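Novice: Before I ask anything, let me first share the structure, which is written out below as structure tokens.
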Amino acid sequence: MAIAERPAETVSLPRVNVRPGWAGWLSTTDHKRIGIMYLVSAFVFFLIGGIEALLMRIQLGTPDNTFLTPDVYNQMFTMHGTTMIFLGLMPLNVGLGNYMVPLMIGARDMAFPRLNALSIWLFIFGGLMLYVSFFVGGAPNVGWFAYAPLTQKQFSPTAGVDYWIVGIGLTGVASIAGALNFIVTILNMRAPGMTLNRMPLFVWMQLIVAFILIFAFPVLTVATIQLLFDRHFGTRFFLPNLGGDAVLWQHLFWFFGHPEVYILILPTMGIISEVLPTFSRKPIFGYAFVAYSGVAIGFLGFLVWAHHMFAVGLGPLANAFFGAASFLIAVPTGVKIFNWLATMWQGSLNLTTSMLYAISFIGMFVIGGISGITLASPPINVQQTDSYYVVAHMHYVLFGGAIQGIFAGIFYWFPKMTGRMLDERLGKWQFWLMLISFNLTFFPMHLSGNAGMPRRIYTYEADMGWGLWNLISTIGSLLLAVAFLIFLWNVLTSLRRGPIAPADPWDGATLEWAVSSPPPVYNFAVTPRVRSRRPLWDEKYPHLVNGSHEAPTARPRSPLHDGFEREIPAVMEPIHLPSPTYAPLIVSVGITILGFGIIYLGDFGLIAASAMLVGLLIMAAGIFSWVRISHIDSPHHAHHGV
Amino acid sequence: MVIDTLQLSGIIPLETSCNFSRIIRGGCPGYSRKPYWRGTTLSVAQPHPRASRAGAWRGAFMNMLPRFLLRWSRFLLLIGMSVVLAACSNSPGNTYDPHGDNARRIYELLIPIWWMALGVFVVVEGLLIYAIWRFRRRSDSSATPAQVHGNIQVEILWTIAPAIIVLVITVLTFRTQAANSVIPEDALRIKAIGHQWWFEFQYPDAGADGKPIVTASDLYIPVGRPVTVVLESQDVIHNFWVPKLAGKTYMIPGKTNYLSFTAEQPGIYRAVCAEFCGEAHALMRFRVIAVDEAEFNRWLAQQKTPPPTPAGTLTVNGLTGDAARGQAIFLDARKQCIACHAVEGTNARGQIGPNLTYYGSRQTIAAGVLPYSPENLDRWLREAPKLKPGNLMSRVLTPQWIRQNLSDQEIADLVAYLDSMKVSVTLPPER
């Protein structure tokens, strides 16, 4: 605990300038508060996406059901996919990253705290904008992949697609800004001694994801803006009858869309690369292999987009290339799985809820990986693509993988974030119920898919023989809902009555466990010095360092105290924290109003143009205030002025 | 009994002799509970942060866990069994029951990959479950395990092992792909055009005066002769899928795709649009009717001649319709039918909706919404917006318009007319 507690009396702690109550949240630039806002808002969207899924499952529970009309069903699956990917999984990962990355690398905040606040507000407004569409003529109903030319105005006349374009655009700006923030933070703000090869694997994966994101997301943004121009301003990018190309959209979309899968799954691989070692009481097996296989996956992820398009008719040569590239991804993925198994091997496994989720991640992700192999083979793919087999595959990867990984992370870090322990008993009920009902829901989809059931159908005939599988899926999905209710109950009760969490409840190895739970606003009173991949562990168990090839060559006699005495000099650097500010919130409100204007510019020119002008003015005011506060707030200015 | 076999073969432990819970309680002879790393590393006392509250429960849970796992693994195995059962069951869309060369080659590629996958699944999940059971923390254990950071040899091993498996799969894949992408020169060419939400089929040069034969929703093909379907779309992207005959191929506006396959057995095959194409995507179906070559030629010859002058009556729901009167109504421009529909040999030349020549021999109504019967046709004319939401006909001719412009008798006449146009063809069995 020395890293965290000792300096309290030796360092002048900063004047903490946090506004009370709601104002504190609206004006915050603290990465921890922003992380919590990401997690809470993403979880709300996630629950809404889950309700959409339940409605679909009820509709499909029996053949020829009439619970939902086809148009409502089409809106449901479009919003379910869009919500889960852009408003659920991605921001849940960003939320955990936002909270944990600075703590894990020994930093006091993200590199650009105000940009970080802009990201959360743009994300929330983008998500709300998508949902506003339900009340103004219907949600988007063209699928989350929005294939041209169905998205053109003549086929989809409602504003739903426009809301989709602008909503995704706003969350896209948020994600790109967030990714740049992560890259700069991780590359520049690590504690002294934390080389890249000593970074926790969760940080590694967040870094890779940030790089994937800044290469992948702008492609989607460009494609959606082209679509917007097609719909309103007379261009013909994706309309074939006037020289456009419908397949171009698919290339652009999947050039973003496939790396997006890794944007969703890699952070959760990072999470379980933290959770498995902690609860096995061992270091991660093959650190470098786990880290660099992540890099390999991120790189290969850009070479496989056309495996979503094997049935499009790109020709055998293109299909062969993209098939082979997709097979290749199995290698780094296999390496990761074996290293996780080896991490558990001969360990002392503490089967907490977090650990169970991490283990179950491996178990379910393997199934998703195997079904991915058949989908990567072009000839097999053309039988399985667009069938329920794909629905099964993708949910084994993104639910069995990503969501279970996120639950591992939430059960792992909840005590750190809230200062309270979650109830383990409820957690285990939730885990087992979720594991069983997840398999009940999604395993039968392999079978209905191979029995010829296409995706995105709101009804099917009884004599197709898919009734039993669909009924089992529907029952499973209702049980899944119960598991989520248990989690919700657990969080709400534990926040109030849960046992107080110590700083290091799981006997962790990384720096976030060196500070109190929850951490102080400034994270670290004194920037820790890092000597290994497990700075806290090596400090707690210096006698075990011998067995570690990570041990420094000239190790000081007492790692507990060495260095820190010299690190705390007479002249202390004062702790600099960014001031709270409403500027990012104002800027995002302006951009959102601008977005509403863009949606209606084609149809109600004058009103929309005035809305855009108002939005721009608000945005300009926000930017002005932003520049002013960042000038006042600059460390140089602050420390000479105060 | 499956479970017995699995127990005897050791896949599922015998519950009667020595199950997991007994092993945990130490009740099984020959099982040592001592972790084998004990004594090899240093011991560190481990106060659990929630020892007082969670400790008791955790003990209980440890006893529960293996039984849970046991049930779970059996559940997965049972599901594995049902995969096999599903492969044998005969859903009309079953891809594991191929009746065409394209689908059969895909199935034959899937089988070896399926076995490799099963092997990987058993090894990885087995190691995982074994690790949980073998290395889970015992309440009496406070040892810190050996701090192993890695091993370069095993890393190389498990990098190469999946690479080899993947290489084998790649080679198998390329072989099948090469076979399935051949477009034979001598194949029968049929054009398929996707519309929201029905399939149009054209047999080029097969009609009178070298015009194409145009039909919809039923695709007749000869058995044993390669067919190349030329795929196009009129509006949005559709996807041509006959699960038992061939894999999917997109129908894309502004692009022409080709799909070749040979039906190996006569049959009526279910087929669908597999790409989301708008509101009634789920109701965009068709049938492939594979008949032997002689029967196919007979069908073609009949399609080549226009339907004869309609005659006769048909009683539907108590009303007797007259086919000749029905034709007059059909051809009456005020009744709007011919604005969209065509019938060979008449002045009905609408191009927007399906060609209705020989409609009386269709397998289904409205692209697979209802099985064909005069009663269902009557129902379709009255309830189209309910039966197929969003369809173009009922968007233009609303139920109200139909009530005002077509009497019950006129509808009965129309049904009698459409039903009178039949070709004589011996239908193969449903597959």
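The chains in the structure tokens are called A, B, ... from first to last as shown; in each chain the residues are counted from 1, and the ligands are counted from 1 in the order shown.
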Would you give me, as a compact mmCIF listing (two decimals) with C-alpha atoms, in the first residue's frame, the residues of chain B that come within 6 Å of chain A, using only C-alpha atoms?

Specialist:
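And here's out17.txt as it stands now:
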# COMPACT_ATOMS: atom_id res chain seq x y z
CA PRO B 49 -11.38 -9.53 2.18
CA SER B 91 -36.77 -29.36 -42.78
CA PRO B 92 -37.58 -28.10 -46.28
CA GLY B 93 -34.63 -25.73 -45.93
CA ASN B 94 -32.15 -28.20 -44.46
CA THR B 95 -28.66 -27.44 -45.78
CA ILE B 106 -20.58 -27.53 -49.64
CA PHE B 135 -6.80 -26.04 -9.89
CA ARG B 136 -9.67 -24.38 -8.08
CA ARG B 137 -8.63 -22.97 -4.74
CA PRO B 145 1.45 -21.22 -7.02
CA GLN B 147 4.97 -17.77 -10.74
CA HIS B 149 5.64 -16.27 -16.87
CA GLY B 150 5.70 -18.28 -20.06
CA THR B 159 0.97 -21.10 -32.79
CA PRO B 162 -3.82 -23.98 -35.25
CA ALA B 163 -1.90 -22.78 -38.29
CA GLN B 177 -14.65 -23.19 -54.21
CA VAL B 236 -32.94 -3.09 -53.94
CA GLY B 247 -25.54 -21.49 -51.71
CA LYS B 248 -26.73 -17.89 -51.81
CA THR B 249 -25.93 -15.31 -54.44
CA TYR B 250 -26.96 -11.67 -54.27
CA GLY B 254 -26.70 -2.49 -61.65
CA ALA B 274 -32.08 -14.18 -47.86
CA GLU B 279 -40.94 -4.41 -45.12
CA ALA B 282 -39.89 -12.34 -44.77

Novice: Would you pick out the contacts of B:Thr305 at 12 Å or less, using only C-alpha atoms, so that residues sharing its chain but fewer than 2 positions from it are not included, and give the list as a ChimeraX atom specification?

Specialist: /B:206-209,211-213,298-303,307-309,343-346,357-358,421-423

Novice: Pick the closest to A:Ala358 from A:Thr268, A:Thr235, A:Thr29, A:Thr474: which is it, counting only C-alpha atoms?

Specialist: A:Thr268

Novice: Let me make sure I understand: among B:Phe174, B:Ser394, B:Gly194, B:Asp292, which one has the smallest atom-to-atom distance to A:Ala318 if we use only C-alpha atoms?

Specialist: B:Phe174

Novice: Write out as an mmCIF file with N, CA and C atoms, in the first residue's frame the residues lying within 10 Å of A:Ala42, counting only C-alpha atoms and excluding same-chain residues fewer than 5 positions away.

Specialist:
data_model
loop_
_atom_site.group_PDB
_atom_site.id
_atom_site.type_symbol
_atom_site.label_atom_id
_atom_site.label_comp_id
_atom_site.auth_asym_id
_atom_site.auth_seq_id
_atom_site.Cartn_x
_atom_site.Cartn_y
_atom_site.Cartn_z
ATOM 1 N N ILE A 36 -17.804 6.514 -15.381
ATOM 2 C CA ILE A 36 -19.058 6.038 -14.781
ATOM 3 C C ILE A 36 -20.248 6.493 -15.630
ATOM 4 N N MET A 37 -20.180 7.716 -16.152
ATOM 5 C CA MET A 37 -21.285 8.174 -17.006
ATOM 6 C C MET A 37 -21.387 7.314 -18.255
ATOM 7 N N LEU A 47 -29.902 -2.060 -21.915
ATOM 8 C CA LEU A 47 -31.168 -2.643 -21.473
ATOM 9 C C LEU A 47 -32.264 -2.395 -22.505
ATOM 10 N N ILE A 48 -32.260 -1.186 -23.093
ATOM 11 C CA ILE A 48 -33.268 -0.894 -24.117
ATOM 12 C C ILE A 48 -33.069 -1.834 -25.304
ATOM 13 N N THR A 83 -28.030 -0.304 -31.455
ATOM 14 C CA THR A 83 -27.894 0.019 -30.040
ATOM 15 C C THR A 83 -26.804 -0.813 -29.391
ATOM 16 N N MET A 84 -26.861 -2.123 -29.599
ATOM 17 C CA MET A 84 -25.904 -2.986 -28.907
ATOM 18 C C MET A 84 -24.470 -2.651 -29.317
ATOM 19 N N PHE A 86 -23.211 0.298 -31.111
ATOM 20 C CA PHE A 86 -22.719 1.667 -30.953
ATOM 21 C C PHE A 86 -23.033 2.254 -29.582
ATOM 22 N N LEU A 87 -24.141 1.836 -28.969
ATOM 23 C CA LEU A 87 -24.564 2.476 -27.716
ATOM 24 C C LEU A 87 -24.417 1.548 -26.513
ATOM 25 N N GLY A 88 -24.103 0.269 -26.747
ATOM 26 C CA GLY A 88 -23.985 -0.674 -25.640
ATOM 27 C C GLY A 88 -22.543 -1.134 -25.455
ATOM 28 N N LEU A 89 -22.132 -2.083 -26.282
ATOM 29 C CA LEU A 89 -20.817 -2.701 -26.078
ATOM 30 C C LEU A 89 -19.674 -1.696 -26.171
ATOM 31 N N MET A 90 -19.671 -0.903 -27.264
ATOM 32 C CA MET A 90 -18.535 0.018 -27.437
ATOM 33 C C MET A 90 -18.375 0.946 -26.245
ATOM 34 N N PRO A 91 -19.434 1.675 -25.852
ATOM 35 C CA PRO A 91 -19.258 2.585 -24.721
ATOM 36 C C PRO A 91 -19.052 1.876 -23.382
ATOM 37 N N LEU A 92 -19.540 0.639 -23.231
ATOM 38 C CA LEU A 92 -19.221 -0.069 -21.976
ATOM 39 C C LEU A 92 -17.708 -0.279 -21.899
ATOM 40 N N ASN A 93 -17.126 -0.694 -23.025
ATOM 41 C CA ASN A 93 -15.665 -0.854 -23.057
ATOM 42 C C ASN A 93 -14.950 0.472 -22.841
ATOM 43 N N VAL A 94 -15.479 1.520 -23.506
ATOM 44 C CA VAL A 94 -14.856 2.836 -23.350
ATOM 45 C C VAL A 94 -14.971 3.283 -21.895
ATOM 46 N N GLY A 95 -16.121 2.998 -21.273
ATOM 47 C CA GLY A 95 -16.318 3.408 -19.887
ATOM 48 C C GLY A 95 -15.305 2.753 -18.962
ATOM 49 N N PHE A 123 -21.638 11.201 -27.257
ATOM 50 C CA PHE A 123 -22.151 9.833 -27.267
ATOM 51 C C PHE A 123 -23.581 9.791 -26.754
ATOM 52 N N ILE A 124 -23.825 10.453 -25.612
ATOM 53 C CA ILE A 124 -25.178 10.416 -25.035
ATOM 54 C C ILE A 124 -26.178 11.071 -25.985
ATOM 55 N N GLY A 127 -26.875 8.911 -29.037
ATOM 56 C CA GLY A 127 -27.762 7.808 -28.698
ATOM 57 C C GLY A 127 -29.194 8.269 -28.542
#

Novice: Could you tell me how far atom CA of A:Thr581 lies from atom CA of A:Asn188, in Å and to one decimal?

Specialist: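 Pair atom CA of A:Thr581 / atom CA of A:Asn188 returns 23.8 Å.
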
Novice: Looking at A:Ile598, A:Met269, A:Val161, A:Ile168, which one is nearest to A:Val209, with distances taken over only C-alpha atoms?

Specialist: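 Using only C-alpha atoms, A:Val209 sits closest to A:Met269.
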
Novice: I want to know what sits within 10 Å of stretch 101-104 of chain A, based on only C-alpha atoms, with residues of the same chain fewer than 2 positions away left out; could you give that as number ranges by chain?

Specialist: A: 31-32, 94-99, 106-111, 182, 185-186, 189-191, 199-204, 206-207, 510-515, 519, 522-524

Novice: Using only C-alpha atoms for the distances, tell me which of A:Phe125, A:Gly167, A:Pro157, A:Met434 is nearest to A:Gly138.

Specialist: A:Pro157

Novice: Ranking B:Val242, B:Arg225, B:Tyr269, B:Ile193 by minimum distance to B:Thr256 and counting only C-alpha atoms, which one comes first?

Specialist: B:Ile193

Novice: Record the distance separating atom CA of A:Asp633 and atom CA of A:Ile214, expressed in Å with one decimal.

Specialist: 28.0 Å

Novice: Compile a residue-level contact table for stretch 153-246 of chain B against stretch 365-388 of chain B at a cut-off of 8 Å, reporting for every qualifying residue the shortest atom pair and its distance in Å to one decimal, with only C-alpha atoms counted, rows ordered by chain and ascending number, as JSON lines.

Specialist:
{"residue": "B:Trp197", "atom": "CA", "partner": "B:Ala367", "partner_atom": "CA", "distance": 7.4}
{"residue": "B:Trp198", "atom": "CA", "partner": "B:Ala367", "partner_atom": "CA", "distance": 5.4}
{"residue": "B:Phe199", "atom": "CA", "partner": "B:Ala367", "partner_atom": "CA", "distance": 7.3}
{"residue": "B:Ser217", "atom": "CA", "partner": "B:Ala367", "partner_atom": "CA", "distance": 5.5}

Novice: Take atom CA of A:Tyr262 and atom CA of A:Phe361 and report the distance between them in Å, one decimal.

Specialist: 15.0 Å

Novice: How would you write, as a count of residues only, the set of residues in stretch 339-522 of chain A that DSSP gives as alpha helix (DSSP H)?

Specialist: 120

Novice: Quick one: residues within 9 Å of A:Phe211, only C-alpha atoms counted, chain neighbours fewer than 3 positions away excluded, as a list in words?

Specialist: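 Neighbouring residues, sequence-local ones excluded: Ala179, Leu180, Ile183, Gln206, Leu207, Ile208, Ile214, Phe215, Ala216 and Gly298 of chain A.
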
Novice: Which residues are close to B:Ala323, i.e. within 7 Å by only C-alpha atoms, leaving aside same-chain residues fewer than 5 positions away? Reply as a ChimeraX atom specification.

Specialist: /B:310-313,413-414,416-417,420
